[in-house]
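One file, protein38.csv, carrying CSV, C-alpha atoms:
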```
chain,number,residue,atom,x,y,z
B,292,MET,CA,-50.0,14.3,59.6
B,293,PRO,CA,-50.8,11.2,57.6
B,294,SER,CA,-49.2,7.9,58.7
B,295,LYS,CA,-46.4,6.6,56.6
B,296,LYS,CA,-47.3,3.0,57.6
B,297,ARG,CA,-48.1,0.5,54.9
B,298,THR,CA,-50.7,-2.2,55.2
B,299,LEU,CA,-49.8,-5.9,54.9
B,300,SER,CA,-52.3,-8.8,55.1
B,301,VAL,CA,-51.3,-12.0,56.9
B,302,ARG,CA,-53.0,-15.4,56.6
B,303,LEU,CA,-52.9,-17.5,59.8
B,304,GLU,CA,-54.0,-21.0,60.7
B,305,PRO,CA,-56.7,-21.1,63.4
B,306,GLN,CA,-54.3,-22.3,66.1
B,307,ALA,CA,-51.8,-19.5,65.3
B,308,GLU,CA,-54.6,-17.0,65.3
B,309,ARG,CA,-55.7,-18.1,68.8
B,310,ARG,CA,-52.1,-17.8,70.0
B,311,LEU,CA,-51.9,-14.4,68.5
B,312,GLU,CA,-55.2,-13.3,70.1
B,313,ARG,CA,-54.1,-14.5,73.5
B,314,ALA,CA,-50.6,-13.1,73.4
B,315,ALA,CA,-51.7,-9.7,72.1
B,316,ALA,CA,-54.4,-9.6,74.9
B,317,LEU,CA,-51.7,-10.4,77.5
B,318,GLN,CA,-49.6,-7.5,76.2
B,319,LYS,CA,-52.7,-5.3,76.1
B,320,GLN,CA,-52.2,-4.7,72.4
B,321,SER,CA,-54.3,-5.1,69.3
B,322,ARG,CA,-53.4,-8.1,67.1
B,323,GLY,CA,-52.1,-5.7,64.4
B,324,ALA,CA,-49.8,-3.8,66.8
B,325,PHE,CA,-48.6,-7.1,68.3
B,326,LEU,CA,-47.7,-8.5,64.9
B,327,GLU,CA,-46.1,-5.2,63.8
B,328,ARG,CA,-43.8,-5.3,66.9
B,329,ALA,CA,-43.0,-9.0,66.7
B,330,GLY,CA,-42.3,-8.8,63.0
B,331,ASP,CA,-39.9,-5.9,63.4
B,332,GLU,CA,-38.1,-7.5,66.3
B,333,LEU,CA,-37.5,-10.7,64.4
B,334,ALA,CA,-36.5,-8.9,61.2
B,335,SER,CA,-34.0,-6.8,63.2
B,336,ARG,CA,-32.5,-10.0,64.9
B,337,VAL,CA,-32.2,-11.8,61.5
B,338,LEU,CA,-30.6,-8.7,59.9
B,339,LEU,CA,-28.2,-8.2,62.9
B,340,ASP,CA,-27.0,-11.8,62.7
B,341,TRP,CA,-26.5,-11.4,59.0
B,342,ALA,CA,-24.7,-8.1,59.4
B,343,VAL,CA,-22.3,-9.5,62.0
B,344,GLU,CA,-21.3,-12.4,59.7
B,345,ARG,CA,-20.7,-10.0,56.8
B,346,TYR,CA,-18.6,-7.8,58.9
B,347,ARG,CA,-16.6,-10.8,60.3
B,348,ALA,CA,-16.0,-12.0,56.8
B,349,GLY,CA,-14.6,-8.6,55.9
B,350,GLU,CA,-17.1,-8.2,53.1
B,351,GLN,CA,-18.8,-5.0,54.2
B,352,THR,CA,-18.1,-2.0,56.4
B,353,PHE,CA,-20.3,-0.9,59.3
B,354,SER,CA,-21.5,2.1,57.3
B,355,GLU,CA,-22.4,-0.1,54.3
B,356,LEU,CA,-24.2,-2.6,56.6
B,357,ALA,CA,-26.2,0.1,58.3
B,358,GLU,CA,-27.3,1.5,55.0
B,359,GLU,CA,-28.3,-1.9,53.6
B,360,THR,CA,-30.1,-3.2,56.7
B,361,GLY,CA,-31.7,0.0,58.0
B,362,LEU,CA,-30.2,-0.9,61.4
B,363,ASN,CA,-28.2,1.7,63.4
B,364,ILE,CA,-24.5,1.5,63.0
B,365,GLU,CA,-23.9,1.4,66.8
B,366,GLN,CA,-26.4,-1.4,67.1
B,367,ILE,CA,-24.4,-3.5,64.6
B,368,MET,CA,-21.1,-2.6,66.2
B,369,ASP,CA,-22.5,-3.6,69.6
B,370,ALA,CA,-23.6,-6.9,68.2
B,371,VAL,CA,-20.0,-7.6,67.0
B,372,THR,CA,-18.6,-6.8,70.4
B,373,GLU,CA,-21.1,-9.1,72.1
B,374,ARG,CA,-19.9,-12.0,70.0
B,375,ASP,CA,-16.2,-11.2,69.5
B,376,GLY,CA,-15.2,-9.0,72.4
B,377,ASP,CA,-13.7,-11.7,74.6
B,378,ALA,CA,-11.7,-13.2,71.7
B,379,GLY,CA,-10.4,-9.7,70.8
B,380,LEU,CA,-9.1,-9.2,74.3
B,381,GLN,CA,-7.5,-12.6,74.5
B,382,MET,CA,-5.7,-12.0,71.2
B,383,PHE,CA,-4.5,-8.7,72.5
B,384,LEU,CA,-3.0,-10.4,75.6
B,385,ASP,CA,-1.5,-13.2,73.5
B,386,SER,CA,0.1,-10.6,71.3
B,387,CYS,CA,1.5,-8.7,74.2
B,388,LYS,CA,2.9,-11.9,75.7
B,389,ALA,CA,4.7,-12.6,72.4
B,390,ILE,CA,6.1,-9.1,72.2
B,391,ALA,CA,7.3,-9.2,75.9
B,392,LYS,CA,9.0,-12.5,75.3
B,393,ALA,CA,10.6,-11.5,72.1
B,394,GLN,CA,11.9,-8.2,73.6
B,395,HIS,CA,12.8,-9.7,77.0
B,396,ASP,CA,10.5,-7.2,78.6
B,397,PRO,CA,8.5,-8.7,81.5
B,398,HIS,CA,7.4,-5.3,82.7
B,399,PHE,CA,5.5,-4.7,79.4
B,400,LEU,CA,3.7,-8.0,80.0
B,401,GLU,CA,2.8,-7.0,83.6
B,402,LEU,CA,1.3,-3.7,82.2
B,403,ALA,CA,-0.6,-5.6,79.5
B,404,GLU,CA,-2.0,-8.1,82.0
B,405,LYS,CA,-3.2,-5.3,84.2
B,406,ALA,CA,-4.8,-3.5,81.3
B,407,VAL,CA,-6.6,-6.7,80.2
B,408,GLU,CA,-7.9,-7.4,83.7
B,409,VAL,CA,-9.4,-3.9,83.9
B,410,ALA,CA,-10.8,-4.0,80.4
B,411,SER,CA,-12.4,-7.4,81.0
B,412,LYS,CA,-14.3,-6.0,84.1
B,413,ALA,CA,-15.6,-2.9,82.2
T,20,MET,CA,-1.0,27.2,73.5
T,21,LEU,CA,-1.5,24.0,71.4
T,22,VAL,CA,-2.8,24.8,68.0
T,23,LYS,CA,-5.4,22.0,67.2
T,24,GLN,CA,-5.0,20.2,63.9
T,25,SER,CA,-8.2,19.9,61.9
T,26,ALA,CA,-9.6,16.5,61.3
T,27,THR,CA,-12.6,14.7,60.0
T,28,LEU,CA,-13.9,11.3,61.0
T,29,ASP,CA,-16.2,8.4,60.2
T,30,SER,CA,-18.9,6.9,62.4
T,31,SER,CA,-17.2,3.7,63.5
T,32,PHE,CA,-14.0,5.6,64.5
T,33,TRP,CA,-16.2,7.9,66.7
T,34,VAL,CA,-17.9,4.9,68.4
T,35,ASN,CA,-14.7,3.1,69.0
T,36,VAL,CA,-13.0,6.2,70.4
T,37,GLN,CA,-15.9,7.1,72.6
T,38,ARG,CA,-16.3,3.6,74.0
T,39,SER,CA,-12.6,3.2,74.7
T,40,GLY,CA,-12.3,6.4,76.6
T,41,LEU,CA,-10.1,8.2,74.1
T,42,LEU,CA,-12.5,11.0,73.3
T,43,ALA,CA,-11.1,13.6,75.8
T,44,SER,CA,-7.6,13.2,74.4
T,45,LEU,CA,-8.9,13.4,70.8
T,46,LEU,CA,-10.8,16.6,71.5
T,47,ALA,CA,-7.8,18.2,73.3
T,48,ARG,CA,-5.6,17.7,70.3
T,49,TYR,CA,-7.8,18.1,67.2
T,50,ARG,CA,-10.5,20.4,65.9
T,51,LEU,CA,-13.0,17.8,64.8
T,52,THR,CA,-15.4,18.1,61.9
T,53,TYR,CA,-18.0,15.6,60.7
T,54,PRO,CA,-19.8,15.2,57.4
T,55,PRO,CA,-23.6,15.2,57.5
T,56,ALA,CA,-23.8,11.5,56.5
T,57,VAL,CA,-21.8,10.6,59.6
T,58,ALA,CA,-24.2,12.6,61.8
T,59,ALA,CA,-27.1,10.8,60.2
T,60,GLU,CA,-25.5,7.4,61.2
T,61,LEU,CA,-25.1,8.4,64.9
T,62,SER,CA,-28.4,8.2,66.8
T,63,GLU,CA,-29.2,9.5,70.2
T,64,ARG,CA,-30.8,6.1,71.0
T,65,PHE,CA,-27.2,4.8,71.6
T,66,ALA,CA,-24.4,6.0,74.0
T,67,SER,CA,-21.8,7.2,71.4
T,68,GLY,CA,-24.5,8.9,69.3
T,69,ARG,CA,-25.8,10.7,72.4
T,70,GLU,CA,-22.3,12.0,73.2
T,71,PHE,CA,-21.8,13.0,69.6
T,72,TRP,CA,-25.0,15.1,69.6
T,73,ARG,CA,-24.2,16.6,73.0
T,74,LEU,CA,-20.9,17.8,71.7
T,75,VAL,CA,-22.5,19.1,68.5
T,76,ARG,CA,-25.0,21.1,70.5
T,77,ALA,CA,-22.1,22.4,72.7
T,78,GLY,CA,-20.3,23.7,69.6
T,79,GLU,CA,-17.4,21.3,70.0
T,80,LEU,CA,-17.8,19.7,66.6
T,81,ASP,CA,-18.3,21.4,63.2
T,82,GLU,CA,-20.2,20.0,60.3
T,83,VAL,CA,-18.3,20.1,56.9
T,84,SER,CA,-19.9,18.8,53.7
T,85,PRO,CA,-17.9,17.7,50.7
T,86,THR,CA,-18.6,19.7,47.6
T,87,ARG,CA,-17.7,16.9,45.2
T,88,GLU,CA,-18.2,13.2,45.2
T,89,ASN,CA,-14.8,11.8,44.0
T,90,VAL,CA,-15.1,8.7,46.1
T,91,ARG,CA,-18.3,6.8,45.3
T,92,GLN,CA,-17.8,3.5,47.1
T,93,PHE,CA,-18.3,2.4,50.7
T,94,GLY,CA,-21.2,3.4,53.0
T,95,PRO,CA,-22.5,7.0,53.1
T,96,GLY,CA,-20.5,8.1,56.2
T,97,GLU,CA,-17.2,6.7,55.1
T,98,ARG,CA,-17.7,8.0,51.6
T,99,GLN,CA,-18.4,11.6,52.8
T,100,ALA,CA,-15.5,11.4,55.3
T,101,LEU,CA,-13.1,10.4,52.5
T,102,ASN,CA,-14.5,13.1,50.2
T,103,VAL,CA,-14.1,15.8,52.9
T,104,ALA,CA,-10.5,14.7,53.5
T,105,LEU,CA,-9.8,14.8,49.8
T,106,GLU,CA,-10.8,18.4,49.7
T,107,HIS,CA,-8.8,19.2,52.8
T,108,ARG,CA,-5.5,17.3,52.3
T,109,ASP,CA,-3.9,19.0,55.3
T,110,TRP,CA,-6.5,17.5,57.6
T,111,VAL,CA,-6.3,14.2,59.4
T,112,LEU,CA,-8.9,11.5,58.5
T,113,PHE,CA,-9.8,9.3,61.5
T,114,ILE,CA,-11.2,6.1,60.1
T,115,ASP,CA,-11.2,2.5,61.5
T,116,ASP,CA,-12.9,0.3,58.9
T,117,ARG,CA,-10.2,-1.6,56.9
T,118,ARG,CA,-11.3,-1.1,53.3
T,119,PRO,CA,-12.0,2.7,53.4
T,120,PHE,CA,-8.8,3.0,55.5
T,121,GLU,CA,-6.8,1.3,52.8
T,122,GLU,CA,-8.5,3.5,50.1
T,123,ALA,CA,-7.5,6.6,52.1
T,124,ILE,CA,-3.9,5.6,52.2
T,125,ARG,CA,-4.1,4.8,48.4
T,126,LEU,CA,-5.4,8.4,47.9
T,127,GLY,CA,-2.5,9.8,49.9
T,128,LEU,CA,-4.7,11.0,52.8
T,129,GLN,CA,-3.4,11.3,56.4
T,130,ALA,CA,-5.5,8.4,57.7
T,131,ILE,CA,-5.2,7.4,61.4
T,132,SER,CA,-6.9,4.5,63.0
T,133,SER,CA,-7.8,4.4,66.7
T,134,PRO,CA,-4.9,2.1,67.7
T,135,ALA,CA,-2.5,4.4,65.9
T,136,LEU,CA,-4.0,7.4,67.7
T,137,VAL,CA,-3.2,5.7,71.0
T,138,VAL,CA,0.5,5.2,70.0
T,139,LEU,CA,0.6,8.8,68.7
T,140,LEU,CA,-0.7,10.2,72.0
T,141,ALA,CA,1.7,8.0,74.0
T,142,ARG,CA,4.6,9.2,71.8
T,143,GLU,CA,3.7,12.8,72.5
T,144,GLY,CA,3.5,12.1,76.2
T,145,ALA,CA,-0.2,12.8,76.4
T,146,MET,CA,-0.6,9.4,78.0
T,147,SER,CA,1.7,6.9,79.8
T,148,THR,CA,2.5,3.5,78.4
T,149,GLU,CA,0.2,2.1,81.1
T,150,GLU,CA,-2.7,4.3,80.1
T,151,ALA,CA,-2.1,3.6,76.4
T,152,LEU,CA,-2.1,-0.2,77.0
T,153,ALA,CA,-5.3,0.1,79.0
T,154,THR,CA,-6.9,2.0,76.1
T,155,LEU,CA,-5.6,-0.5,73.6
T,156,ALA,CA,-7.1,-3.3,75.8
T,157,ARG,CA,-10.5,-1.5,75.8
T,158,LEU,CA,-10.3,-1.2,72.0
T,159,ALA,CA,-9.4,-4.9,71.7
T,160,ALA,CA,-12.3,-5.8,73.9
T,161,LEU,CA,-14.7,-4.2,71.4
T,162,GLY,CA,-13.8,-7.1,69.1
T,163,ARG,CA,-14.2,-5.1,65.9
T,164,LEU,CA,-10.7,-3.8,65.1
T,165,SER,CA,-8.2,-5.7,63.0
T,166,PRO,CA,-6.0,-7.7,65.3
T,167,ARG,CA,-3.1,-6.7,63.1
T,168,LEU,CA,-3.7,-3.0,63.9
T,169,ILE,CA,-3.8,-3.8,67.6
T,170,ASP,CA,-0.7,-6.0,67.4
T,171,ALA,CA,1.2,-3.2,65.6
T,172,ALA,CA,0.2,-0.7,68.2
T,173,SER,CA,1.1,-3.0,71.1
T,174,ALA,CA,4.6,-3.5,69.5
T,175,ALA,CA,5.0,0.2,69.1
T,176,LEU,CA,4.1,0.8,72.7
T,177,GLN,CA,6.6,-1.7,73.9
T,178,GLN,CA,9.3,0.0,71.8
T,179,LEU,CA,8.3,3.3,73.4
T,180,GLU,CA,8.4,1.9,76.9
T,181,GLU,CA,11.8,0.4,76.2
T,182,GLY,CA,13.1,3.7,75.0
T,183,GLY,CA,11.7,5.6,77.9
T,184,SER,CA,12.8,3.2,80.7
```

Since I need it in another form, could you write the structure as structure tokens?
Amino acid sequence: MPSKKRTLSVRLEPQAERRLERAAALQKQSRGAFLERAGDELASRVLLDWAVERYRAGEQTFSELAEETGLNIEQIMDAVTERDGDAGLQMFLDSCKAIAKAQHDPHFLELAEKAVEVASKA
Amino acid sequence: MLVKQSATLDSSFWVNVQRSGLLASLLARYRLTYPPAVAAELSERFASGREFWRLVRAGELDEVSPTRENVRQFGPGERQALNVALEHRDWVLFIDDRRPFEEAIRLGLQAISSPALVVLLAREGAMSTEEALATLARLAALGRLSPRLIDAASAALQQLEEGGS
């Protein structure tokens, strides 16, 4: 089956070319394969950071972001959790504290604290 | 025997429910369908996607495609989930992203978010307040659900607990 890959040409300074040569050799890869992987990894990181910010700002949904970036939806969702998971759990606990206080229900707070402790260890 | 209600869902709801441990309760109560665009968004390279495809192969989930495209906004998964729900108004639409959720409500669909599902299951006695709070805490720890939804669910659980104690 013919490859769907496209060819791009890259111009490098001599020093950069030497670094590429050495790094690719260390990874036992051709220079082209090394650049292909490095470029894709960096592009994914840049897009992931951008997608997280867009999601946080409420500007786009996960499905829209996956379509626009070509990243997997679960990959974007995991990146949001990595950055905002702890804050989400703290907000949940603060909210339960406020509810327990307003309703004079210390047992509810005990249950919530236990739930948060377990969730934070997961 | 419990007659399962039919429902369709979007991808982010699936991931949130799978990650928070709600999936077994969901499958016990609903006959779940998915639109093809949702399936395309869930990859076996990731945990929730693997579980999705395992259940598809086991015949636990059915694919249903919309025949019309009344909703044209949002991402492909959300769009198809909304369009399927529009053609099956007696079905539940499980959806977690805020804007498509609001559109579903505007369209008069039976939209349920994952925190609301937790409250529903607790109200039905399918889980205790303790289990429901633990599930809500896991959802909150994902950091991607509106704090307002989580707060509302927490308040509802407290009311339930008060009523039951």

Next on the checklist: For a quick test of understanding: name the residues of chain B lying within 7 Å of chain T when counting only C-alpha atoms, and present them as a ChimeraX atom specification.
Outcome noted: /B:352-355,358,363-365,371-372,375-380,383,386-387,390,399,402-403,406-407,410

Checklist entry - Quick one, how far is atom CA of Glu143 of chain T from atom CA of Leu51 of chain T? => result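 Going from atom CA of Glu143 of chain T over to atom CA of Leu51 of chain T, I get 19.1 Å.
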
Checklist entry - Looking at B:Leu400, B:Asp369, B:Glu408, B:Gly323, which one is nearest to Arg38 of chain T, with distances taken over all atoms listed in the file? => result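 Smallest separation from Arg38 of chain T among the options: B:Asp369.
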
Item to check | Atom pair atom CA of Pro55 of chain T / atom CA of Gln24 of chain T: separation (Å) | outcome: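 For atom CA of Pro55 of chain T relative to atom CA of Gln24 of chain T, the distance reads 20.3 Å.
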
Item to check | d(atom CA of Ala26 of chain T, atom CA of Leu356 of chain B) in Å | outcome: 24.5 Å

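Proximity to Gly40 of chain T was assessed for B:Gln351, B:Met382, B:Leu326, B:Ala413 counting only C-alpha atoms; the smallest distance is recorded for B:Ala413.
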